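As provided, start-v9.txt (compact mmCIF, C-alpha atoms) reads as follows.
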```
# COMPACT_ATOMS: atom_id res chain seq x y z
CA MET I 267 -50.03 83.50 55.07
CA LEU I 268 -47.15 85.45 53.52
CA VAL I 269 -46.10 86.68 56.95
CA PHE I 270 -46.26 83.16 58.39
CA ALA I 271 -44.35 81.58 55.51
CA GLY I 272 -41.75 84.35 55.46
CA ALA I 273 -41.08 84.10 59.19
CA LEU I 274 -40.90 80.31 59.02
CA LEU I 275 -38.36 80.32 56.17
CA ILE I 276 -36.20 83.07 57.68
CA ALA I 277 -36.09 81.36 61.08
CA PHE I 278 -35.37 78.01 59.44
CA GLY I 279 -32.44 79.50 57.52
CA ALA I 280 -31.11 81.85 60.20
CA THR I 281 -31.05 79.40 63.12
CA PRO I 282 -28.16 77.25 61.76
CA LEU I 283 -26.25 80.49 61.12
CA ALA I 284 -26.85 81.57 64.73
CA ARG I 285 -25.67 78.14 65.86
CA ARG I 286 -22.35 78.72 64.06
CA ILE I 287 -21.87 82.27 65.26
CA ALA I 288 -22.71 81.65 68.94
CA PRO I 289 -19.40 79.90 69.90
CA ARG I 290 -17.35 82.67 68.26
CA LEU I 291 -19.23 85.32 70.22
CA GLY I 292 -19.05 83.32 73.43
CA VAL I 293 -22.85 83.08 73.73
CA MET I 294 -22.95 79.54 75.07
CA ASP I 295 -24.89 77.77 77.81
CA ILE I 296 -22.42 75.84 79.94
CA PRO I 297 -23.65 72.65 81.69
CA GLY I 298 -24.12 72.76 85.44
CA PRO I 299 -25.82 70.90 88.28
CA ARG I 300 -29.12 72.69 87.60
CA LYS I 301 -28.95 72.23 83.83
CA VAL I 302 -30.50 69.39 81.84
CA HIS I 303 -27.96 69.38 78.99
CA ALA I 304 -24.55 67.72 79.35
CA ARG I 305 -22.52 69.73 76.81
CA PRO I 306 -22.11 73.43 75.97
CA MET I 307 -24.99 74.64 73.79
CA PRO I 308 -25.24 77.66 71.48
CA LEU I 309 -27.46 80.28 73.07
CA LEU I 310 -28.24 82.56 70.15
CA GLY I 311 -31.31 80.92 68.64
CA GLY I 312 -33.49 83.75 69.90
CA ALA I 313 -31.77 86.12 67.49
CA ALA I 314 -33.18 84.07 64.59
CA ILE I 315 -36.68 84.31 66.07
CA VAL I 316 -36.37 88.09 66.46
CA LEU I 317 -34.98 88.56 62.96
CA ALA I 318 -37.64 86.38 61.34
CA SER I 319 -40.54 88.06 63.15
CA ILE I 320 -39.50 91.68 62.70
CA ALA I 321 -38.25 91.31 59.12
CA THR I 322 -41.45 89.70 57.84
CA LEU I 323 -43.66 92.25 59.59
CA LEU I 324 -41.72 95.17 58.15
CA ILE I 325 -41.71 93.64 54.66
CA PHE I 326 -45.28 92.35 54.36
CA GLU I 327 -47.42 94.16 56.93
CA ASN I 328 -47.53 97.82 55.89
CA ARG I 329 -51.20 98.41 56.76
CA PHE I 330 -50.83 98.27 60.55
CA GLU I 331 -51.18 101.54 62.44
CA PHE I 332 -47.62 102.87 62.19
CA GLN I 333 -47.26 104.26 65.71
CA GLN I 334 -48.47 101.07 67.39
CA LEU I 335 -46.46 98.75 65.13
CA ILE I 336 -43.27 100.72 65.78
CA GLY I 337 -44.04 100.74 69.51
CA ILE I 338 -44.55 96.96 69.59
CA LEU I 339 -41.46 96.18 67.53
CA PHE I 340 -39.25 98.71 69.30
CA GLY I 341 -40.27 97.38 72.71
CA ALA I 342 -39.75 93.80 71.55
CA ALA I 343 -36.32 94.65 70.14
CA TRP I 344 -35.41 96.33 73.43
CA VAL I 345 -36.24 93.28 75.56
CA SER I 346 -34.31 91.15 73.05
CA LEU I 347 -31.24 93.35 73.56
CA LEU I 348 -31.62 92.85 77.31
CA GLY I 349 -31.71 89.14 76.64
CA ILE I 350 -28.59 89.18 74.47
CA PHE I 351 -26.70 91.10 77.14
CA ASP I 352 -27.89 88.70 79.83
CA ASP I 353 -26.99 85.62 77.74
CA ARG I 354 -23.48 86.90 77.03
CA TRP I 355 -22.40 88.83 80.12
CA GLY I 356 -25.13 88.40 82.69
CA LEU I 357 -27.51 91.08 83.88
CA ARG I 358 -28.59 91.86 87.43
CA PRO I 359 -32.25 90.81 87.95
CA ILE I 360 -33.30 94.30 89.07
CA LEU I 361 -31.85 95.87 85.90
CA LYS I 362 -33.54 93.21 83.80
CA LEU I 363 -36.87 93.93 85.50
CA LEU I 364 -36.50 97.70 85.08
CA GLY I 365 -35.73 97.17 81.40
CA GLN I 366 -38.94 95.17 81.02
CA VAL I 367 -40.91 97.90 82.77
CA LEU I 368 -39.47 100.40 80.28
CA ALA I 369 -40.52 98.12 77.41
CA ALA I 370 -44.06 97.95 78.81
CA GLY I 371 -44.02 101.75 79.03
CA ILE I 372 -43.16 101.92 75.33
CA LEU I 373 -46.32 99.95 74.56
CA ILE I 374 -48.45 102.22 76.72
CA VAL I 375 -47.05 105.41 75.14
CA SER I 376 -47.67 104.00 71.64
CA GLY I 377 -51.32 103.37 72.50
CA VAL I 378 -51.18 99.60 73.06
CA LYS I 379 -52.77 99.18 76.49
CA VAL I 380 -55.54 97.38 78.30
CA GLN I 381 -58.90 99.14 77.94
CA VAL I 382 -61.10 97.27 80.38
CA PHE I 383 -61.54 99.69 83.28
CA PRO I 384 -63.06 103.20 83.25
CA ILE I 385 -60.08 104.62 85.18
CA GLU I 386 -57.05 105.12 82.94
CA ILE I 387 -54.40 104.68 85.64
CA ILE I 388 -55.80 101.24 86.43
CA ASN I 389 -55.62 100.26 82.76
CA MET I 390 -51.99 101.36 82.65
CA GLY I 391 -51.17 99.41 85.81
CA VAL I 392 -52.82 96.25 84.49
CA THR I 393 -50.97 96.68 81.19
CA LEU I 394 -47.68 96.93 83.05
CA LEU I 395 -48.43 93.85 85.15
CA TRP I 396 -49.58 91.82 82.12
CA VAL I 397 -46.61 92.68 79.90
CA VAL I 398 -43.89 92.27 82.52
CA GLY I 399 -45.55 89.19 84.00
CA LEU I 400 -46.01 87.34 80.71
CA THR I 401 -42.55 88.32 79.46
CA ASN I 402 -41.03 86.74 82.55
CA SER I 403 -43.35 83.73 82.35
CA LEU I 404 -42.03 82.71 78.93
CA ASN I 405 -38.51 83.36 80.17
CA LEU I 406 -38.98 81.11 83.20
CA LEU I 407 -40.65 78.44 81.07
CA ASP I 408 -37.55 78.07 78.90
CA ASN I 409 -36.09 75.16 80.87
CA MET I 410 -36.35 72.17 78.51
CA ASP I 411 -35.80 71.48 74.83
CA GLY I 412 -38.67 72.84 72.77
CA LEU I 413 -40.74 73.94 75.75
CA SER I 414 -40.95 77.73 75.64
CA GLY I 415 -40.85 77.89 71.84
CA GLY I 416 -43.54 75.24 71.45
CA VAL I 417 -45.88 76.72 74.06
CA ALA I 418 -45.42 80.15 72.45
CA ALA I 419 -46.24 78.65 69.04
CA VAL I 420 -49.45 77.09 70.40
CA GLY I 421 -50.49 80.40 71.93
CA ALA I 422 -49.63 82.35 68.78
CA ALA I 423 -51.65 79.89 66.68
CA PHE I 424 -54.77 80.43 68.78
CA PHE I 425 -54.28 84.20 68.74
CA MET I 426 -53.93 84.07 64.95
CA VAL I 427 -57.14 82.09 64.53
CA MET I 428 -59.08 84.38 66.88
CA ALA I 429 -57.80 87.48 65.11
CA ALA I 430 -58.83 86.03 61.75
CA VAL I 431 -62.32 85.16 63.01
CA SER I 432 -62.81 88.68 64.40
CA LYS I 433 -61.37 90.14 61.15
CA GLN I 434 -58.37 91.73 62.86
CA THR I 435 -55.99 90.95 60.03
CA TYR I 436 -53.22 93.19 61.35
CA VAL I 437 -53.19 91.56 64.78
CA GLY I 438 -53.38 88.21 63.03
CA ALA I 439 -50.24 89.14 61.11
CA LEU I 440 -48.38 89.74 64.38
CA ALA I 441 -49.42 86.31 65.61
CA ALA I 442 -48.59 84.70 62.26
CA ALA I 443 -45.06 86.14 62.32
CA LEU I 444 -44.52 84.85 65.83
CA LEU I 445 -45.93 81.42 64.95
CA GLY I 446 -43.76 81.04 61.85
CA ALA I 447 -40.59 82.20 63.63
CA ALA I 448 -41.21 79.90 66.61
CA LEU I 449 -41.84 76.86 64.38
CA GLY I 450 -38.82 77.58 62.21
CA PHE I 451 -36.63 77.67 65.31
CA LEU I 452 -38.37 74.70 66.95
CA ILE I 453 -37.10 72.42 64.18
CA TYR I 454 -33.63 72.75 65.74
CA ASN I 455 -34.75 73.15 69.36
CA PHE I 456 -37.05 70.16 69.82
CA ASN I 457 -35.50 67.40 71.91
CA PRO I 458 -32.67 66.66 71.39
CA ALA I 459 -31.94 70.34 70.76
CA SER I 460 -28.89 71.60 68.90
CA ILE I 461 -29.40 75.24 69.92
CA PHE I 462 -31.21 77.20 72.66
CA MET I 463 -33.14 80.46 72.25
CA GLY I 464 -31.75 82.02 75.44
CA ASP I 465 -33.27 85.06 77.08
CA THR I 466 -33.05 86.81 73.72
CA GLY I 467 -35.82 84.62 72.35
CA SER I 468 -37.91 83.90 75.45
CA LEU I 469 -38.21 87.58 76.45
CA PHE I 470 -39.12 88.49 72.88
CA LEU I 471 -41.79 85.79 72.64
CA GLY I 472 -43.36 86.73 75.96
CA TYR I 473 -43.43 90.43 75.12
CA MET I 474 -44.94 89.90 71.68
CA LEU I 475 -47.60 87.52 73.00
CA ALA I 476 -48.50 90.07 75.68
CA ALA I 477 -48.87 92.81 73.05
CA ILE I 478 -51.01 90.59 70.82
CA GLY I 479 -53.23 89.67 73.77
CA ILE I 480 -53.83 93.37 74.46
CA LYS I 481 -54.61 94.18 70.82
CA LEU I 482 -57.16 91.38 70.34
CA ARG I 483 -60.78 92.53 70.25
CA PHE I 484 -63.98 90.49 70.13
CA PRO I 485 -66.81 92.66 68.75
CA ASP I 486 -69.37 89.84 68.99
CA ASN I 487 -69.10 89.68 72.77
CA VAL I 488 -68.73 91.99 75.77
CA THR I 489 -65.44 92.94 77.43
CA PHE I 490 -66.85 91.74 80.76
CA VAL I 491 -66.41 88.21 79.36
CA THR I 492 -63.62 88.43 76.80
CA TRP I 493 -60.98 89.89 79.15
CA MET I 494 -60.34 86.27 80.17
CA VAL I 495 -59.40 85.13 76.66
CA PRO I 496 -55.69 86.15 76.53
CA ILE I 497 -55.17 84.88 80.09
CA MET I 498 -56.72 81.54 79.14
CA VAL I 499 -54.58 81.21 75.99
CA MET I 500 -51.47 81.87 78.06
CA GLY I 501 -52.65 79.54 80.84
CA VAL I 502 -49.64 77.20 80.70
CA PRO I 503 -46.86 79.78 81.32
CA ILE I 504 -49.06 81.60 83.85
CA PHE I 505 -49.67 78.37 85.76
CA ASP I 506 -45.98 77.44 85.72
CA THR I 507 -44.89 80.86 86.96
CA THR I 508 -47.49 80.82 89.73
CA LEU I 509 -46.36 77.35 90.79
CA VAL I 510 -42.69 78.38 90.86
CA PHE I 511 -43.40 81.57 92.81
CA ILE I 512 -45.45 79.74 95.43
CA SER I 513 -42.88 76.97 95.73
CA ARG I 514 -39.89 79.29 96.13
CA LEU I 515 -41.64 81.65 98.53
CA ARG I 516 -42.63 78.67 100.67
CA ARG I 517 -38.97 77.71 100.82
CA GLY I 518 -37.89 81.26 101.64
CA LYS I 519 -36.17 81.88 98.30
CA ASN I 520 -36.34 84.73 95.80
CA PRO I 521 -38.64 83.59 92.98
CA LEU I 522 -36.80 85.61 90.29
CA THR I 523 -33.18 84.96 91.23
CA THR I 524 -33.29 81.39 92.54
CA PRO I 525 -32.76 78.76 89.83
CA GLY I 526 -34.05 75.27 90.47
CA LYS I 527 -35.74 72.21 89.05
CA ASP I 528 -39.11 73.18 90.48
CA HIS I 529 -40.99 73.96 87.27
CA THR I 530 -43.97 71.98 86.04
CA SER I 531 -41.77 70.27 83.45
CA HIS I 532 -39.21 69.15 86.05
CA ARG I 533 -41.96 67.77 88.28
CA LEU I 534 -43.45 65.79 85.41
CA VAL I 535 -40.05 64.25 84.72
CA ALA I 536 -39.70 63.45 88.44
CA MET I 537 -43.07 61.66 88.19
CA GLY I 538 -41.66 59.33 85.52
CA PHE I 539 -42.36 61.11 82.22
CA SER I 540 -39.57 61.52 79.68
CA THR I 541 -38.40 64.99 78.66
CA ARG I 542 -40.29 64.77 75.37
CA GLU I 543 -43.44 63.57 77.11
CA ALA I 544 -43.27 66.40 79.64
CA VAL I 545 -42.95 68.95 76.84
CA MET I 546 -45.77 67.39 74.84
CA ILE I 547 -48.02 67.51 77.92
CA HIS I 548 -47.42 71.27 78.01
CA TYR I 549 -48.38 71.51 74.33
CA LEU I 550 -51.60 69.54 74.95
CA LEU I 551 -52.49 71.67 77.96
CA GLY I 552 -51.84 74.79 75.88
CA GLY I 553 -54.22 73.42 73.26
CA ALA I 554 -56.88 72.71 75.89
CA PHE I 555 -56.57 76.24 77.29
CA GLY I 556 -56.77 77.63 73.77
CA MET I 557 -59.95 75.70 72.98
CA ALA I 558 -61.50 76.94 76.22
CA ALA I 559 -60.53 80.49 75.21
CA ILE I 560 -62.30 80.09 71.86
CA LEU I 561 -65.43 78.96 73.68
CA ILE I 562 -65.27 82.06 75.89
CA THR I 563 -65.21 84.36 72.84
CA GLN I 564 -68.72 83.12 71.97
CA ALA I 565 -70.00 82.49 75.50
CA THR I 566 -72.66 84.25 77.50
CA ILE I 567 -71.63 85.89 80.78
CA LEU I 568 -72.71 82.83 82.76
CA GLU I 569 -71.02 80.39 80.36
CA GLY I 570 -67.82 82.45 80.19
CA TYR I 571 -67.40 82.67 83.94
CA ALA I 572 -68.26 78.98 84.32
CA ILE I 573 -65.42 78.09 81.93
CA GLY I 574 -63.06 80.55 83.60
CA GLY I 575 -64.00 79.28 87.05
CA ALA I 576 -63.45 75.67 85.99
CA ALA I 577 -60.00 76.57 84.63
CA LEU I 578 -59.13 78.36 87.88
CA ILE I 579 -60.20 75.36 89.97
CA ALA I 580 -58.16 73.04 87.73
CA GLY I 581 -55.13 75.30 88.13
CA LEU I 582 -55.46 75.42 91.92
CA TRP I 583 -55.80 71.65 91.99
CA GLY I 584 -52.67 71.33 89.85
CA ILE I 585 -50.69 73.56 92.24
CA TRP I 586 -51.89 71.50 95.22
CA ARG I 587 -51.07 68.26 93.42
CA LEU I 588 -47.59 69.30 92.31
CA GLU I 589 -46.46 71.48 95.20
CA PHE I 590 -48.27 70.63 98.41
CA ARG I 591 -48.65 66.91 97.82
CA LYS I 592 -45.36 66.29 96.00
CA ASN I 593 -43.10 68.94 97.54
CA ASP I 594 -40.67 66.24 98.61
CA LYS I 595 -39.78 65.85 94.94
CA VAL I 596 -38.79 69.51 94.52
CA THR I 597 -35.11 70.36 94.43
CA GLY I 598 -34.19 73.98 95.09
```
Represent the structure from my file as structure tokens, please.
Amino acid sequence: MLVFAGALLIAFGATPLARRIAPRLGVMDIPGPRKVHARPMPLLGGAAIVLASIATLLIFENRFEFQQLIGILFGAAWVSLLGIFDDRWGLRPILKLLGQVLAAGILIVSGVKVQVFPIEIINMGVTLLWVVGLTNSLNLLDNMDGLSGGVAAVGAAFFMVMAAVSKQTYVGALAAALLGAALGFLIYNFNPASIFMGDTGSLFLGYMLAAIGIKLRFPDNVTFVTWMVPIMVMGVPIFDTTLVFISRLRRGKNPLTTPGKDHTSHRLVAMGFSTREAVMIHYLLGGAFGMAAILITQATILEGYAIGGAALIAGLWGIWRLEFRKNDKVTG
């Protein structure tokens, strides 16, 4: 609770400061044909999230295994620096991707890695895919006021609860710091936003959530079932990224370098929902995925795979509904 409250207060106090500093540093998001906002917006809110999360963990959480905590925070700080550079000067996608791969490598070297398969090289490969994939998912999801920050907060809240139930207080502290920082920033970022988090914040949130998902353990159940839990909690950004990749590949465009209003949020707005309603739908879906994940932690093998299979079918139906049935609404 100290970590959560500390992160919340620091983010709440630091975000207005970041909003003032951003124009002086030239870290602004300029309106364009593919942008939702109509005026230049400060793009340094992510720095407040990073500061709040790391500061509270270093101050209050001194019982975490030192090597792993330093690895997680160092990797998260590294992707945040990539984000700051990209927000201010722009960064080639390949360099951004290589930087994320390096950050995933930092986690692996520090001992934070997937431990599902008996072959170590496979575990390392899955860790790399999970960390880089989720980091980019939160980055791609940051396309409307309050969207990426709110979805990250929902995911962090479920991770925190699960960690507490399984008595992983240190992992719970990581999630609590992320939850408090995201909520403190969201006060200023919810529609109508007065500041954006930029890549600085979205890359940090994705990386931290990926690390927390790896660290979570469920001693009351078998790994053959519980491997689905982090994927289920992060179902919303994973679904959105999958939808965007399929849509852009179908149109012959590079999924990582082609901007466009083809995200789930944009499609919901095209269907008649307001921006706030579209964002709230993402929150509700995140909550539904999180509840399903909690059920899986206590499920038998048959029950767990039934829930996972139902979620997969729902996701495939959503992709068909939004992309293949409504592709005339998509603007590239």
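For region 371-388 of chain I, the residues within 7 Å (counting all atoms listed in the file, excluding itself and residues fewer than 5 positions away along the chain) are Gln333, Gln334, Gly337, Ile338, Gly341, Thr393, Ile480, Lys481 and Thr489 of chain I.
Using all atoms listed in the file, the shortest contact distance between Ala422 (chain I) and any of I:Ile478, I:Met410, I:Ala369, I:Leu309 is found at I:Ile478.
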Legend entry - Between CA of Leu449 (chain I) and CA of Thr508 (chain I), distance in Å (one decimal): 26.3 Å
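Ranking I:Leu368, I:Leu404, I:Val398, I:Met463 by their shortest atom-to-atom distance to Asp353 (chain I), with only C-alpha atoms included, puts I:Met463 first.
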Inset, instruction - Would you please work out which residue, of I:Ile287, I:Leu323, I:Val345, I:Ala565, is nearest to Tyr436 (chain I) when using only C-alpha atoms? - result: I:Leu323
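Once region 279-283 of chain I and its same-chain neighbours fewer than 2 positions away are set aside, I:Leu275, I:Ile276, I:Ala277, I:Arg285, I:Arg286, I:Ile287, I:Gly311, I:Ala314, I:Phe451 remain within 7 Å of it when counting only C-alpha atoms.
Separating CA of Tyr454 (chain I) from CA of Arg358 (chain I) is a distance of 29.3 Å.
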Legend entry - Nearest candidate to Phe424 (chain I) (options I:Gly526, I:Gly312, I:Gly349, I:Gly438; using all atoms listed in the file): I:Gly438
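With distances restricted to all atoms listed in the file, I:Gly501 is the closest residue to Gly553 (chain I) from I:Gly501, I:Gly570, I:Gly538, I:Gly518.
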Inset, instruction - Could you please determine the separation between CA of Ile325 (chain I) and CA of Ala342 (chain I) in Å, to one decimal place? - result: 17.0 Å
Within 10 Å of (-38.6, 84.2, 67.9) (file coordinates; all atoms listed in the file), which protein or nucleic acid residues are there? I'd like them as an mmCIF file with C-alpha atoms, in the coordinates of the input.
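Contents of the output file selection.cif:
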```
data_model
loop_
_atom_site.group_PDB
_atom_site.id
_atom_site.type_symbol
_atom_site.label_atom_id
_atom_site.label_comp_id
_atom_site.auth_asym_id
_atom_site.auth_seq_id
_atom_site.Cartn_x
_atom_site.Cartn_y
_atom_site.Cartn_z
ATOM 1 C CA ALA I 273 -41.080 84.100 59.190
ATOM 2 C CA LEU I 274 -40.900 80.310 59.020
ATOM 3 C CA ALA I 277 -36.090 81.360 61.080
ATOM 4 C CA GLY I 311 -31.310 80.920 68.640
ATOM 5 C CA GLY I 312 -33.490 83.750 69.900
ATOM 6 C CA ALA I 313 -31.770 86.120 67.490
ATOM 7 C CA ALA I 314 -33.180 84.070 64.590
ATOM 8 C CA ILE I 315 -36.680 84.310 66.070
ATOM 9 C CA VAL I 316 -36.370 88.090 66.460
ATOM 10 C CA LEU I 317 -34.980 88.560 62.960
ATOM 11 C CA ALA I 318 -37.640 86.380 61.340
ATOM 12 C CA SER I 319 -40.540 88.060 63.150
ATOM 13 C CA ILE I 320 -39.500 91.680 62.700
ATOM 14 C CA SER I 346 -34.310 91.150 73.050
ATOM 15 C CA GLY I 415 -40.850 77.890 71.840
ATOM 16 C CA ALA I 418 -45.420 80.150 72.450
ATOM 17 C CA ALA I 419 -46.240 78.650 69.040
ATOM 18 C CA ALA I 443 -45.060 86.140 62.320
ATOM 19 C CA LEU I 444 -44.520 84.850 65.830
ATOM 20 C CA LEU I 445 -45.930 81.420 64.950
ATOM 21 C CA GLY I 446 -43.760 81.040 61.850
ATOM 22 C CA ALA I 447 -40.590 82.200 63.630
ATOM 23 C CA ALA I 448 -41.210 79.900 66.610
ATOM 24 C CA LEU I 449 -41.840 76.860 64.380
ATOM 25 C CA GLY I 450 -38.820 77.580 62.210
ATOM 26 C CA PHE I 451 -36.630 77.670 65.310
ATOM 27 C CA LEU I 452 -38.370 74.700 66.950
ATOM 28 C CA MET I 463 -33.140 80.460 72.250
ATOM 29 C CA THR I 466 -33.050 86.810 73.720
ATOM 30 C CA GLY I 467 -35.820 84.620 72.350
ATOM 31 C CA SER I 468 -37.910 83.900 75.450
ATOM 32 C CA LEU I 469 -38.210 87.580 76.450
ATOM 33 C CA PHE I 470 -39.120 88.490 72.880
ATOM 34 C CA LEU I 471 -41.790 85.790 72.640
ATOM 35 C CA GLY I 472 -43.360 86.730 75.960
ATOM 36 C CA MET I 474 -44.940 89.900 71.680
#
```
Would you kindly place N, CA and C atoms on region 471-493 of chain I and return the model as a PDB file, keeping the file's coordinate frame?
```
ATOM      1  N   LEU I 471     -40.532  86.511  72.816  1.00  0.00           N
ATOM      2  CA  LEU I 471     -41.790  85.790  72.640  1.00  0.00           C
ATOM      3  C   LEU I 471     -42.828  86.227  73.665  1.00  0.00           C
ATOM      4  N   GLY I 472     -42.420  86.328  74.934  1.00  0.00           N
ATOM      5  CA  GLY I 472     -43.360  86.730  75.960  1.00  0.00           C
ATOM      6  C   GLY I 472     -43.898  88.130  75.737  1.00  0.00           C
ATOM      7  N   TYR I 473     -43.021  89.043  75.359  1.00  0.00           N
ATOM      8  CA  TYR I 473     -43.430  90.430  75.120  1.00  0.00           C
ATOM      9  C   TYR I 473     -44.396  90.530  73.944  1.00  0.00           C
ATOM     10  N   MET I 474     -44.080  89.854  72.865  1.00  0.00           N
ATOM     11  CA  MET I 474     -44.940  89.900  71.680  1.00  0.00           C
ATOM     12  C   MET I 474     -46.305  89.280  71.958  1.00  0.00           C
ATOM     13  N   LEU I 475     -46.326  88.160  72.662  1.00  0.00           N
ATOM     14  CA  LEU I 475     -47.600  87.520  73.000  1.00  0.00           C
ATOM     15  C   LEU I 475     -48.437  88.428  73.893  1.00  0.00           C
ATOM     16  N   ALA I 476     -47.775  89.123  74.811  1.00  0.00           N
ATOM     17  CA  ALA I 476     -48.500  90.070  75.680  1.00  0.00           C
ATOM     18  C   ALA I 476     -49.118  91.196  74.854  1.00  0.00           C
ATOM     19  N   ALA I 477     -48.361  91.731  73.899  1.00  0.00           N
ATOM     20  CA  ALA I 477     -48.870  92.810  73.050  1.00  0.00           C
ATOM     21  C   ALA I 477     -50.042  92.336  72.197  1.00  0.00           C
ATOM     22  N   ILE I 478     -49.924  91.134  71.647  1.00  0.00           N
ATOM     23  CA  ILE I 478     -51.010  90.590  70.820  1.00  0.00           C
ATOM     24  C   ILE I 478     -52.267  90.385  71.660  1.00  0.00           C
ATOM     25  N   GLY I 479     -52.087  89.870  72.884  1.00  0.00           N
ATOM     26  CA  GLY I 479     -53.230  89.670  73.770  1.00  0.00           C
ATOM     27  C   GLY I 479     -53.955  90.971  74.078  1.00  0.00           C
ATOM     28  N   ILE I 480     -53.224  92.064  74.207  1.00  0.00           N
ATOM     29  CA  ILE I 480     -53.830  93.370  74.460  1.00  0.00           C
ATOM     30  C   ILE I 480     -54.590  93.863  73.223  1.00  0.00           C
ATOM     31  N   LYS I 481     -54.025  93.647  72.052  1.00  0.00           N
ATOM     32  CA  LYS I 481     -54.610  94.180  70.820  1.00  0.00           C
ATOM     33  C   LYS I 481     -55.858  93.417  70.368  1.00  0.00           C
ATOM     34  N   LEU I 482     -56.014  92.168  70.783  1.00  0.00           N
ATOM     35  CA  LEU I 482     -57.160  91.380  70.340  1.00  0.00           C
ATOM     36  C   LEU I 482     -58.470  92.009  70.808  1.00  0.00           C
ATOM     37  N   ARG I 483     -59.442  92.046  69.918  1.00  0.00           N
ATOM     38  CA  ARG I 483     -60.780  92.530  70.250  1.00  0.00           C
ATOM     39  C   ARG I 483     -61.811  91.510  69.765  1.00  0.00           C
ATOM     40  N   PHE I 484     -62.942  91.453  70.479  1.00  0.00           N
ATOM     41  CA  PHE I 484     -63.980  90.490  70.130  1.00  0.00           C
ATOM     42  C   PHE I 484     -65.315  91.240  70.051  1.00  0.00           C
ATOM     43  N   PRO I 485     -65.624  91.809  68.889  1.00  0.00           N
ATOM     44  CA  PRO I 485     -66.810  92.660  68.750  1.00  0.00           C
ATOM     45  C   PRO I 485     -68.128  91.929  68.949  1.00  0.00           C
ATOM     46  N   ASP I 486     -68.134  90.600  68.844  1.00  0.00           N
ATOM     47  CA  ASP I 486     -69.370  89.840  68.990  1.00  0.00           C
ATOM     48  C   ASP I 486     -69.699  89.521  70.446  1.00  0.00           C
ATOM     49  N   ASN I 487     -68.858  89.963  71.368  1.00  0.00           N
ATOM     50  CA  ASN I 487     -69.100  89.680  72.770  1.00  0.00           C
ATOM     51  C   ASN I 487     -68.712  90.901  73.610  1.00  0.00           C
ATOM     52  N   VAL I 488     -68.990  90.848  74.896  1.00  0.00           N
ATOM     53  CA  VAL I 488     -68.730  91.990  75.770  1.00  0.00           C
ATOM     54  C   VAL I 488     -67.384  91.832  76.466  1.00  0.00           C
ATOM     55  N   THR I 489     -66.746  92.956  76.766  1.00  0.00           N
ATOM     56  CA  THR I 489     -65.440  92.940  77.430  1.00  0.00           C
ATOM     57  C   THR I 489     -65.507  92.278  78.791  1.00  0.00           C
ATOM     58  N   PHE I 490     -66.670  92.347  79.445  1.00  0.00           N
ATOM     59  CA  PHE I 490     -66.850  91.740  80.760  1.00  0.00           C
ATOM     60  C   PHE I 490     -66.577  90.243  80.721  1.00  0.00           C
ATOM     61  N   VAL I 491     -66.692  89.642  79.543  1.00  0.00           N
ATOM     62  CA  VAL I 491     -66.410  88.210  79.360  1.00  0.00           C
ATOM     63  C   VAL I 491     -65.054  87.995  78.700  1.00  0.00           C
ATOM     64  N   THR I 492     -64.770  88.741  77.647  1.00  0.00           N
ATOM     65  CA  THR I 492     -63.620  88.430  76.800  1.00  0.00           C
ATOM     66  C   THR I 492     -62.274  88.829  77.404  1.00  0.00           C
ATOM     67  N   TRP I 493     -62.264  89.561  78.526  1.00  0.00           N
ATOM     68  CA  TRP I 493     -60.980  89.890  79.150  1.00  0.00           C
ATOM     69  C   TRP I 493     -60.236  88.630  79.561  1.00  0.00           C
TER      70      TRP I 493
END
```
